[in-house]
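Pasting model-v3.tsv here (TSV, C-alpha atoms):
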chain	number	residue	atom	x	y	z
A	15	MET	CA	15.35	14.51	0.26
A	16	ARG	CA	13.03	11.58	0.92
A	17	LYS	CA	9.36	11.67	-0.07
A	18	LEU	CA	6.36	11.07	2.14
A	19	THR	CA	3.77	9.04	0.22
A	20	TYR	CA	0.25	8.41	1.45
A	21	TYR	CA	-0.30	4.98	-0.13
A	22	ILE	CA	-3.81	3.91	0.83
A	23	ALA	CA	-6.91	2.03	-0.29
A	24	THR	CA	-10.21	3.88	-0.55
A	25	SER	CA	-13.77	3.33	-1.64
A	26	LEU	CA	-15.34	5.27	-4.51
A	27	ASP	CA	-16.84	7.63	-1.95
A	28	GLY	CA	-13.52	8.31	-0.21
A	29	PHE	CA	-13.53	6.04	2.84
A	30	ILE	CA	-10.44	4.08	3.92
A	31	ALA	CA	-12.42	1.88	6.30
A	32	GLY	CA	-15.94	1.32	7.54
A	33	PRO	CA	-17.35	3.07	10.62
A	34	ASP	CA	-15.81	0.46	12.95
A	35	GLY	CA	-12.48	0.22	11.11
A	36	GLU	CA	-13.44	-2.69	8.87
A	37	PHE	CA	-11.60	-2.97	5.54
A	38	ASP	CA	-12.19	-6.55	4.32
A	39	PHE	CA	-14.13	-5.26	1.28
A	40	PHE	CA	-10.82	-4.10	-0.25
A	41	ALA	CA	-10.01	-7.37	-2.02
A	42	PHE	CA	-6.43	-8.40	-2.67
A	43	GLU	CA	-6.91	-10.33	-5.90
A	44	GLY	CA	-6.20	-10.63	-9.59
A	45	ASP	CA	-4.12	-8.19	-11.56
A	46	LEU	CA	-4.33	-5.58	-8.80
A	47	ALA	CA	-2.68	-7.98	-6.34
A	48	ALA	CA	-0.01	-8.82	-8.93
A	49	ALA	CA	0.75	-5.11	-9.39
A	50	ILE	CA	1.02	-4.52	-5.63
A	51	LEU	CA	3.31	-7.53	-5.23
A	52	ALA	CA	5.53	-6.27	-8.06
A	53	ASP	CA	5.61	-2.55	-7.26
A	54	TYR	CA	4.98	-2.29	-3.51
A	55	PRO	CA	5.96	-5.64	-1.92
A	56	GLU	CA	7.05	-3.92	1.29
A	57	THR	CA	3.48	-2.75	1.93
A	58	LEU	CA	2.40	-6.31	2.73
A	59	PRO	CA	2.67	-7.22	6.42
A	60	THR	CA	5.59	-9.41	7.40
A	61	HIS	CA	3.38	-12.35	8.37
A	62	ALA	CA	1.80	-12.34	4.86
A	63	ARG	CA	5.03	-12.14	2.87
A	64	GLU	CA	6.04	-15.82	3.02
A	65	PRO	CA	2.59	-17.18	2.01
A	66	LEU	CA	2.60	-14.67	-0.88
A	67	GLY	CA	6.03	-15.82	-2.04
A	68	ILE	CA	7.79	-12.52	-1.32
A	69	ALA	CA	9.47	-13.26	2.02
A	70	THR	CA	12.87	-12.18	0.70
A	71	ALA	CA	11.67	-9.48	-1.72
A	72	ALA	CA	13.64	-6.26	-1.46
A	73	ASN	CA	11.86	-3.06	-0.50
A	74	ALA	CA	11.06	-1.39	-3.82
A	75	THR	CA	9.78	2.03	-2.79
A	76	PHE	CA	9.72	2.45	0.99
A	77	ASP	CA	11.98	1.60	3.92
A	78	THR	CA	9.92	3.39	6.57
A	79	VAL	CA	6.25	3.14	7.58
A	80	LEU	CA	4.18	5.59	9.63
A	81	MET	CA	0.97	4.51	11.34
A	82	GLY	CA	-1.55	6.10	13.63
A	83	ARG	CA	-2.71	4.22	16.70
A	84	ALA	CA	-5.94	3.00	15.06
A	85	THR	CA	-3.98	1.64	12.08
A	86	TYR	CA	-1.59	-0.24	14.37
A	87	GLU	CA	-4.24	-1.69	16.71
A	88	PRO	CA	-5.58	-4.43	14.35
A	89	ALA	CA	-2.09	-5.98	14.34
A	90	LEU	CA	-1.94	-5.82	18.13
A	91	ALA	CA	-5.35	-7.52	18.32
A	92	LEU	CA	-3.80	-10.43	16.39
A	93	GLY	CA	-0.83	-10.52	18.74
A	94	VAL	CA	1.47	-8.98	16.12
A	95	THR	CA	3.59	-6.24	17.69
A	96	SER	CA	5.81	-5.63	14.63
A	97	PRO	CA	3.57	-5.83	11.54
A	98	TYR	CA	6.19	-4.51	9.10
A	99	ALA	CA	9.43	-5.93	10.50
A	100	HIS	CA	11.12	-5.39	7.11
A	101	LEU	CA	10.62	-1.59	7.49
A	102	ARG	CA	11.47	1.05	10.08
A	103	GLN	CA	8.17	1.38	11.94
A	104	TYR	CA	6.79	4.44	13.72
A	105	VAL	CA	3.40	4.63	15.44
A	106	PHE	CA	2.04	8.04	16.42
A	107	SER	CA	0.17	7.90	19.70
A	108	ARG	CA	0.03	9.74	22.97
A	109	THR	CA	-1.52	6.74	24.77
A	110	LEU	CA	0.24	3.58	23.52
A	111	ARG	CA	3.23	2.16	25.35
A	112	GLN	CA	6.26	0.59	23.68
A	113	ARG	CA	5.50	-3.12	23.08
A	114	ASP	CA	8.19	-4.07	20.61
A	115	PRO	CA	11.70	-2.61	20.22
A	116	ALA	CA	11.24	-2.69	16.41
A	117	VAL	CA	8.30	-0.26	16.61
A	118	GLU	CA	8.96	3.24	17.87
A	119	ILE	CA	6.05	5.04	19.52
A	120	VAL	CA	6.10	8.77	18.72
A	121	ALA	CA	4.13	10.98	21.09
A	122	GLY	CA	5.35	14.28	19.67
A	123	GLU	CA	4.17	16.48	16.83
A	124	PRO	CA	3.96	14.39	13.61
A	125	ALA	CA	4.93	17.06	11.05
A	126	GLU	CA	8.15	17.99	12.82
A	127	PHE	CA	9.08	14.32	13.18
A	128	VAL	CA	8.43	13.67	9.47
A	129	ARG	CA	10.48	16.67	8.37
A	130	GLU	CA	13.43	15.15	10.26
A	131	LEU	CA	12.83	11.72	8.66
A	132	LYS	CA	12.80	13.32	5.21
A	133	ARG	CA	16.28	14.75	5.81
A	134	GLN	CA	17.70	11.28	6.52
A	135	ASP	CA	19.08	8.96	3.85
A	136	GLY	CA	16.96	6.11	2.62
A	137	LEU	CA	14.05	5.08	0.47
A	138	GLY	CA	10.62	6.68	0.63
A	139	ILE	CA	8.43	7.06	3.69
A	140	TRP	CA	5.05	5.32	3.58
A	141	LEU	CA	2.15	6.92	5.40
A	142	CYS	CA	0.06	3.79	5.97
A	143	GLY	CA	-2.81	5.55	7.75
A	144	GLY	CA	-5.05	6.61	9.14
A	145	ALA	CA	-7.21	9.61	8.55
A	146	THR	CA	-6.23	11.60	11.63
A	147	LEU	CA	-2.49	11.15	11.08
A	148	ALA	CA	-2.95	11.99	7.38
A	149	GLY	CA	-4.77	15.15	8.43
A	150	HIS	CA	-1.85	16.17	10.65
A	151	LEU	CA	0.61	15.47	7.84
A	152	VAL	CA	-1.25	16.81	4.79
A	153	ASP	CA	1.26	19.64	4.35
A	154	GLU	CA	4.16	17.15	4.47
A	155	ILE	CA	2.68	14.66	1.96
A	156	ASP	CA	4.61	14.79	-1.31
A	157	GLU	CA	2.68	12.09	-3.15
A	158	LEU	CA	-0.65	10.28	-2.97
A	159	VAL	CA	-0.94	6.74	-4.30
A	160	ILE	CA	-4.63	5.93	-4.09
A	161	LYS	CA	-5.92	2.40	-4.65
A	162	ARG	CA	-9.59	3.07	-5.42
A	163	TYR	CA	-11.87	0.05	-5.14
A	164	PRO	CA	-15.24	-0.16	-6.95
A	165	VAL	CA	-17.32	-0.12	-3.77
A	166	VAL	CA	-19.42	2.55	-2.06
A	167	LEU	CA	-19.52	2.52	1.74
A	168	GLY	CA	-21.83	5.44	2.50
A	169	SER	CA	-19.98	6.23	5.71
A	170	GLY	CA	-16.81	5.34	7.51
A	171	ILE	CA	-13.32	6.66	8.09
A	172	PRO	CA	-12.45	9.31	5.48
A	173	LEU	CA	-9.22	9.57	3.54
A	174	PHE	CA	-8.28	12.62	5.64
A	175	ARG	CA	-9.63	13.92	8.94
A	176	ALA	CA	-8.52	17.55	9.10
A	177	PRO	CA	-9.82	21.11	9.17
A	178	PHE	CA	-10.93	22.58	5.86
A	179	ALA	CA	-7.95	23.63	3.73
A	180	VAL	CA	-7.39	23.22	0.01
A	181	THR	CA	-4.20	21.38	-0.92
A	182	GLY	CA	-3.54	20.84	-4.62
A	183	PHE	CA	-2.16	17.69	-6.20
A	184	ALA	CA	-1.50	16.91	-9.87
A	185	LEU	CA	-2.44	13.56	-11.40
A	186	ARG	CA	0.72	11.77	-12.62
A	187	ASP	CA	-0.58	8.33	-13.52
A	188	THR	CA	-3.65	6.09	-13.36
A	189	ARG	CA	-3.69	2.36	-13.86
A	190	VAL	CA	-6.95	0.46	-14.37
A	191	PHE	CA	-7.25	-3.19	-13.36
A	192	ASN	CA	-9.55	-6.01	-14.44
A	193	THR	CA	-10.83	-6.13	-10.86
A	194	GLY	CA	-12.40	-2.71	-11.45
A	195	ALA	CA	-9.91	-1.04	-9.12
A	196	THR	CA	-7.54	1.76	-10.08
A	197	ILE	CA	-4.25	3.03	-8.72
A	198	SER	CA	-3.80	6.76	-9.20
A	199	THR	CA	-0.62	8.64	-8.36
A	200	TYR	CA	-0.73	12.33	-7.53
A	201	ALA	CA	2.17	14.69	-6.81
A	202	LYS	CA	1.81	17.79	-4.67
A	203	HIS	CA	1.72	20.99	-6.71
Using the file provided, produce a representation of the structure as structure tokens.
Amino acid sequence: MRKLTYYIATSLDGFIAGPDGEFDFFAFEGDLAAAILADYPETLPTHAREPLGIATAANATFDTVLMGRATYEPALALGVTSPYAHLRQYVFSRTLRQRDPAVEIVAGEPAEFVRELKRQDGLGIWLCGGATLAGHLVDEIDELVIKRYPVVLGSGIPLFRAPFAVTGFALRDTRVFNTGATISTYAKH
């Protein structure tokens, strides 16, 4: 059975983006960037892979990416309709129309759709964001991989947007980088 992993960047105070969706304060640099390139090359958008020297890198962990509408829209604003062409791409939205045959728009219930994906063969499933989709899928998330950056935002888009419910995870690993960032991996209890 495939795993659903919420692999996401966050601030020290638990925000994945600023109030207007900004995320440029999550720097891609130094030893943290090297670790991401080595361990999660498929999480870099297709248009960034060649400049980063990983255009032909194999997918190491994931072969499928899930995005909410707000996570997908920055790519559309740049004219990019297939931001992760090296992955199977699904965008959950009741309002978006199909713009690219490589990106499937899913209007149905996210948890049911993910349960079906998990039963299929393949590598892991990457929940790219955002908070609302993560809130809908919290019960389906098997693993959290949290890139925590040494910044405080004060407000913004939270890691999860969902009704109050306690869901336990166990810390499996934490890596500390010279940049001051950490990557922590948690498995669902």
>> I want to know what sits within 12 Å of Gly67 of chain A, based on all atoms listed in the file, with residues of the same chain fewer than 6 positions away left out; could you give that as a PyMOL selection string?
In response: chain A and resi 48+51-52+55+58+60-61
>> Excluding segment 169-182 of chain A and its own-chain neighbours fewer than 6 positions away, which residues fall within 8 Å of it when counting only C-alpha atoms? Please give them as an MDAnalysis selection string.
In response: chainID A and resid 24 28:35 144:150 152:153 202:203
>> Taking 4 positions as the minimum chain separation for residues in the same chain, which residues sit within 6 Å of segment 156-163 of chain A when counting all atoms listed in the file? Answer as JSON, numbers by chain.
In response: {"A": [17, 18, 19, 20, 21, 22, 23, 24, 25, 195, 196, 197, 198, 199, 200, 201, 202]}
> Could you pull the residues within 10 Å of Leu110 of chain A, counting only C-alpha atoms, minus those fewer than 5 positions along the same chain, as an MDAnalysis selection string?
Replying inline: chainID A and resid 83 87 105 119:121
Determine, for each residue of segment 32-81 of chain A having at least one atom at most 10 Å from an atom of segment 96-99 of chain A, the closest pair of atoms and their separation in Å to one decimal, counting all atoms listed in the file; order by chain and ascending number, as JSON lines.
{"residue": "A:Glu56", "atom": "CA", "partner": "A:Tyr98", "partner_atom": "CA", "distance": 7.9}
{"residue": "A:Thr57", "atom": "CA", "partner": "A:Tyr98", "partner_atom": "CA", "distance": 7.9}
{"residue": "A:Leu58", "atom": "CA", "partner": "A:Tyr98", "partner_atom": "CA", "distance": 7.6}
{"residue": "A:Pro59", "atom": "CA", "partner": "A:Tyr98", "partner_atom": "CA", "distance": 5.2}
{"residue": "A:Thr60", "atom": "CA", "partner": "A:Tyr98", "partner_atom": "CA", "distance": 5.2}
{"residue": "A:His61", "atom": "CA", "partner": "A:Pro97", "partner_atom": "CA", "distance": 7.3}
{"residue": "A:Ala62", "atom": "CA", "partner": "A:Pro97", "partner_atom": "CA", "distance": 9.5}
{"residue": "A:Arg63", "atom": "CA", "partner": "A:Tyr98", "partner_atom": "CA", "distance": 9.9}
{"residue": "A:Asp77", "atom": "CA", "partner": "A:Tyr98", "partner_atom": "CA", "distance": 9.9}
{"residue": "A:Thr78", "atom": "CA", "partner": "A:Tyr98", "partner_atom": "CA", "distance": 9.1}
{"residue": "A:Val79", "atom": "CA", "partner": "A:Tyr98", "partner_atom": "CA", "distance": 7.8}
